[in-house]
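Report on one structure; see the data block that follows.
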Amino acid sequence: VGDGLSFVWRDVTGRHVVSQALEESEERYRLLAENASDVVYLAGPDGRMRWIAPSVERTLGWEPDELVGTEAIELAHPDDRSYIEAQRRAVYSGVSVPVRDEREGRLLRVSRRDGSYLWVVASNTPFYDDAGRLTAVVGSMRDVDELVRAREDAQQERATLEATVNSLLDPHVMLQAIRDADERIVDFEYAEANDAACEYMQMRREELVGSRLLDLLPGQAGAGMLQLYATAVETGQPLLLDDYAYSHEIVGEGRRYD
């Protein structure tokens with residue numbers, strides 16, 4: 001009125017600080033996602049990827065723009081798709097579905113751009129609004145291809161070794177030391193046995209493996225064999241016996257052994 005002035009103000013410092021902190025936080029998370037070794041992506045309620053980290057090109061050979069708008073299941077190996085579809089339904093419905101192996105997580109194969117497949121461990125985290133509606137799913141895929149291939153090679157080598165040992169005509173067993181509270185070896189347990197050993201001991205493999213030496217051959221203690229075995233374990237020196245006489249409990253008569 002007249003030369004007067006009506007002046008109103010509102011302090012928005014707090015809102016500005018919150019907004020700035022949010023922008024900085026989003027920038028940090030974006031940098032983390034874009035530079036992480038895992039392939040991270042954001043999918044909408046329809047399951048289609050809205051954003052995927054640049055690491056996908058380094059890991060799978062795809063450029064992010066090539067995958068935006070597609071569903072992650074489209075990358076899956078055909079043999080893994082039924083499992084992945086069950087997991088996908090669980091994530092988008094909120095129902096828990098057991099994974100294949102709790103030690104491995106969701107282990108599956110995904111397609112590289114060149115058509116080959118890579119073993120990954122995948123995870124998905126759903127997000128909901130205040131009304132309980134699904135708004136987004138954040139997924140990640142971690143490259144474990146070398147680990148899986150190495151495990152497969154080790155399993156194959158073990159299978160080959162078992163086949164070789166089982167083809168031997170002489171009995172072969174592996175004994176695992178059993179110790180008392182003072183760490184003294186008091187017995188041995190059959191940890192492995194080939195077919196010839198099972199036949200000689202007149203037992204099935206599942207009966208022999210896990211059994212204790214002195215339960216089956218108690219005379220080994222009195223004959224000094226248990227102590228000889230223990231000495232071999234403790235010293236690392238091989239035990240070699242030629243033409244050794246022993247009254248074998250299973251066979252039921254005295255025999256001589258090398």
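Numbering starts fresh at 1 for the residues of each chain in the structure tokens, the chains themselves are lettered A, B, ... in the order given, and ligands are numbered from 1 as they appear.
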Skipping near chain neighbours, those fewer than 6 positions away, what residues fall within 12 Å of Tyr190 in chain A using only C-alpha atoms, listed as a VMD selection string? chain A and resid 172 to 178 197 to 198 201 205 to 217
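For range 130-134 of chain A, the residues within 12 Å (counting only C-alpha atoms, excluding itself and residues fewer than 6 positions away along the chain) are A:Ala43, A:Gly44, A:Pro45, A:Asp46, A:Gly47, A:Val91, A:Tyr92, A:Ser93, A:Gly94.
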Range 125-186 of chain A near range 230-241 of chain A within 9 Å: what's each residue's closest atom pair and its distance in Å to one decimal, counting only C-alpha atoms, ordered by chain then ascending residue number, as CSV?
residue,atom,partner,partner_atom,distance
A:Ala177,CA,A:Ala230,CA,7.7
A:Arg184,CA,A:Ala230,CA,8.7
A:Ile185,CA,A:Ala230,CA,6.2
A:Val186,CA,A:Ala230,CA,8.3
Neighbours of Pro78 in chain A within 12 Å (only C-alpha atoms; same-chain residues fewer than 5 positions away dropped), as a list of chain:residue names? A:Ile73, A:Tyr83, A:Ile84, A:Glu85, A:Leu108, A:Arg109, A:Val110, A:Ser111, A:Tyr117
Which of range 189-218 of chain A DSSP labels alpha helix (DSSP H), written as a ChimeraX atom specification: /A:195-201,205-208,213-216
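Minimum atom-to-atom distance to Val165 in chain A, evaluated using only C-alpha atoms, belongs to A:Ala196 out of A:Val148, A:Ala196, A:Met203, A:Ala191.
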Selection: 7 Å around Ser123 in chain A, only C-alpha atoms, excl. self and same-chain fewer than 2 positions, as a ChimeraX atom specification: /A:106,121,125,139-141
Keeping N, CA and C atoms for every residue in the selection just given, could you write it to a file as a PDB file, in the first residue's frame?
ATOM      1  N   ARG A 106      21.427 -69.043  -8.058  1.00  0.00           N
ATOM      2  CA  ARG A 106      20.765 -69.348  -9.330  1.00  0.00           C
ATOM      3  C   ARG A 106      21.820 -69.479 -10.427  1.00  0.00           C
ATOM      4  N   VAL A 121      25.977 -66.671 -12.020  1.00  0.00           N
ATOM      5  CA  VAL A 121      25.063 -66.761 -10.879  1.00  0.00           C
ATOM      6  C   VAL A 121      24.184 -65.522 -10.929  1.00  0.00           C
ATOM      7  N   THR A 125      16.033 -58.797  -7.323  1.00  0.00           N
ATOM      8  CA  THR A 125      15.440 -58.153  -6.151  1.00  0.00           C
ATOM      9  C   THR A 125      14.256 -57.302  -6.586  1.00  0.00           C
ATOM     10  N   GLY A 139      18.196 -56.828 -11.290  1.00  0.00           N
ATOM     11  CA  GLY A 139      18.840 -58.128 -11.458  1.00  0.00           C
ATOM     12  C   GLY A 139      20.331 -57.985 -11.635  1.00  0.00           C
ATOM     13  N   SER A 140      21.042 -59.051 -11.346  1.00  0.00           N
ATOM     14  CA  SER A 140      22.486 -59.048 -11.563  1.00  0.00           C
ATOM     15  C   SER A 140      22.926 -60.434 -12.018  1.00  0.00           C
ATOM     16  N   MET A 141      24.003 -60.459 -12.788  1.00  0.00           N
ATOM     17  CA  MET A 141      24.593 -61.709 -13.264  1.00  0.00           C
ATOM     18  C   MET A 141      26.096 -61.644 -13.038  1.00  0.00           C
TER      19      MET A 141
END
What's around Asp170 in chain A at 12 Å? Count only C-alpha atoms, leave out sequence neighbours fewer than 6 positions away in its own chain, and write the answer as JSON, numbers by chain. {"A": [164, 193, 194, 195, 196, 197, 198, 199, 200, 257, 258]}
Got time to write the residues from that selection, all heavy atoms, as an mmCIF file, in the first residue's frame?
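The resulting file, out.cif, is reproduced below:
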data_model
loop_
_atom_site.group_PDB
_atom_site.id
_atom_site.type_symbol
_atom_site.label_atom_id
_atom_site.label_comp_id
_atom_site.auth_asym_id
_atom_site.auth_seq_id
_atom_site.Cartn_x
_atom_site.Cartn_y
_atom_site.Cartn_z
ATOM 1 N N THR A 164 39.915 -95.931 -13.363
ATOM 2 C CA THR A 164 41.233 -96.549 -13.437
ATOM 3 C C THR A 164 41.492 -97.432 -12.222
ATOM 4 O O THR A 164 41.946 -98.583 -12.345
ATOM 5 C CB THR A 164 42.322 -95.467 -13.534
ATOM 6 O OG1 THR A 164 42.089 -94.663 -14.692
ATOM 7 C CG2 THR A 164 43.701 -96.096 -13.626
ATOM 8 N N ALA A 193 37.338 -97.273 -1.621
ATOM 9 C CA ALA A 193 37.686 -98.666 -1.880
ATOM 10 C C ALA A 193 37.343 -99.002 -3.318
ATOM 11 O O ALA A 193 36.273 -98.598 -3.809
ATOM 12 C CB ALA A 193 36.943 -99.592 -0.923
ATOM 13 N N ASN A 194 38.254 -99.711 -3.999
ATOM 14 C CA ASN A 194 37.941 -100.092 -5.371
ATOM 15 C C ASN A 194 37.123 -101.391 -5.385
ATOM 16 O O ASN A 194 36.886 -102.017 -4.337
ATOM 17 C CB ASN A 194 39.203 -100.187 -6.222
ATOM 18 C CG ASN A 194 40.085 -101.382 -5.858
ATOM 19 O OD1 ASN A 194 39.909 -102.002 -4.809
ATOM 20 N ND2 ASN A 194 41.038 -101.699 -6.721
ATOM 21 N N ASP A 195 36.715 -101.791 -6.564
ATOM 22 C CA ASP A 195 35.844 -102.963 -6.677
ATOM 23 C C ASP A 195 36.526 -104.216 -6.148
ATOM 24 O O ASP A 195 35.888 -105.067 -5.505
ATOM 25 C CB ASP A 195 35.445 -103.166 -8.145
ATOM 26 C CG ASP A 195 34.507 -102.071 -8.641
ATOM 27 O OD1 ASP A 195 33.937 -101.350 -7.797
ATOM 28 O OD2 ASP A 195 34.348 -101.941 -9.871
ATOM 29 N N ALA A 196 37.822 -104.357 -6.418
ATOM 30 C CA ALA A 196 38.544 -105.542 -5.961
ATOM 31 C C ALA A 196 38.588 -105.615 -4.434
ATOM 32 O O ALA A 196 38.487 -106.698 -3.845
ATOM 33 C CB ALA A 196 39.966 -105.536 -6.529
ATOM 34 N N ALA A 197 38.733 -104.460 -3.778
ATOM 35 C CA ALA A 197 38.754 -104.436 -2.317
ATOM 36 C C ALA A 197 37.395 -104.841 -1.750
ATOM 37 O O ALA A 197 37.314 -105.592 -0.766
ATOM 38 C CB ALA A 197 39.142 -103.049 -1.826
ATOM 39 N N CYS A 198 36.337 -104.357 -2.357
ATOM 40 C CA CYS A 198 34.993 -104.714 -1.888
ATOM 41 C C CYS A 198 34.752 -106.212 -2.035
ATOM 42 O O CYS A 198 34.173 -106.860 -1.146
ATOM 43 C CB CYS A 198 33.941 -103.928 -2.667
ATOM 44 S SG CYS A 198 34.006 -102.143 -2.396
ATOM 45 N N GLU A 199 35.203 -106.776 -3.153
ATOM 46 C CA GLU A 199 35.029 -108.211 -3.386
ATOM 47 C C GLU A 199 35.822 -109.015 -2.360
ATOM 48 O O GLU A 199 35.325 -110.004 -1.801
ATOM 49 C CB GLU A 199 35.460 -108.556 -4.801
ATOM 50 C CG GLU A 199 35.279 -110.026 -5.152
ATOM 51 C CD GLU A 199 35.681 -110.343 -6.577
ATOM 52 O OE1 GLU A 199 36.043 -109.394 -7.319
ATOM 53 O OE2 GLU A 199 35.640 -111.528 -6.949
ATOM 54 N N TYR A 200 37.068 -108.587 -2.096
ATOM 55 C CA TYR A 200 37.913 -109.309 -1.150
ATOM 56 C C TYR A 200 37.343 -109.241 0.271
ATOM 57 O O TYR A 200 37.376 -110.223 1.015
ATOM 58 C CB TYR A 200 39.326 -108.741 -1.171
ATOM 59 C CG TYR A 200 40.332 -109.623 -0.466
ATOM 60 C CD1 TYR A 200 40.919 -110.693 -1.129
ATOM 61 C CD2 TYR A 200 40.683 -109.388 0.855
ATOM 62 C CE1 TYR A 200 41.837 -111.524 -0.479
ATOM 63 C CE2 TYR A 200 41.589 -110.214 1.516
ATOM 64 C CZ TYR A 200 42.159 -111.274 0.837
ATOM 65 O OH TYR A 200 43.056 -112.095 1.489
ATOM 66 N N TYR A 257 50.773 -111.448 2.723
ATOM 67 C CA TYR A 257 50.476 -110.260 1.917
ATOM 68 C C TYR A 257 51.729 -109.461 1.604
ATOM 69 O O TYR A 257 52.684 -109.424 2.399
ATOM 70 C CB TYR A 257 49.495 -109.338 2.671
ATOM 71 C CG TYR A 257 48.166 -109.971 2.965
ATOM 72 C CD1 TYR A 257 47.930 -110.622 4.164
ATOM 73 C CD2 TYR A 257 47.140 -109.912 2.022
ATOM 74 C CE1 TYR A 257 46.700 -111.203 4.433
ATOM 75 C CE2 TYR A 257 45.907 -110.497 2.278
ATOM 76 C CZ TYR A 257 45.694 -111.129 3.491
ATOM 77 O OH TYR A 257 44.478 -111.716 3.747
ATOM 78 N N ASP A 258 51.716 -108.825 0.451
ATOM 79 C CA ASP A 258 52.697 -107.792 0.128
ATOM 80 C C ASP A 258 51.975 -106.460 0.256
ATOM 81 O O ASP A 258 50.918 -106.290 -0.362
ATOM 82 C CB ASP A 258 53.221 -107.948 -1.306
ATOM 83 C CG ASP A 258 54.146 -109.151 -1.424
ATOM 84 O OD1 ASP A 258 54.649 -109.593 -0.376
ATOM 85 O OD2 ASP A 258 54.333 -109.628 -2.559
#
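Closest to Tyr41 in chain A among A:Arg142, A:Arg149, A:Arg204, A:Arg113 is A:Arg142, based on only C-alpha atoms.
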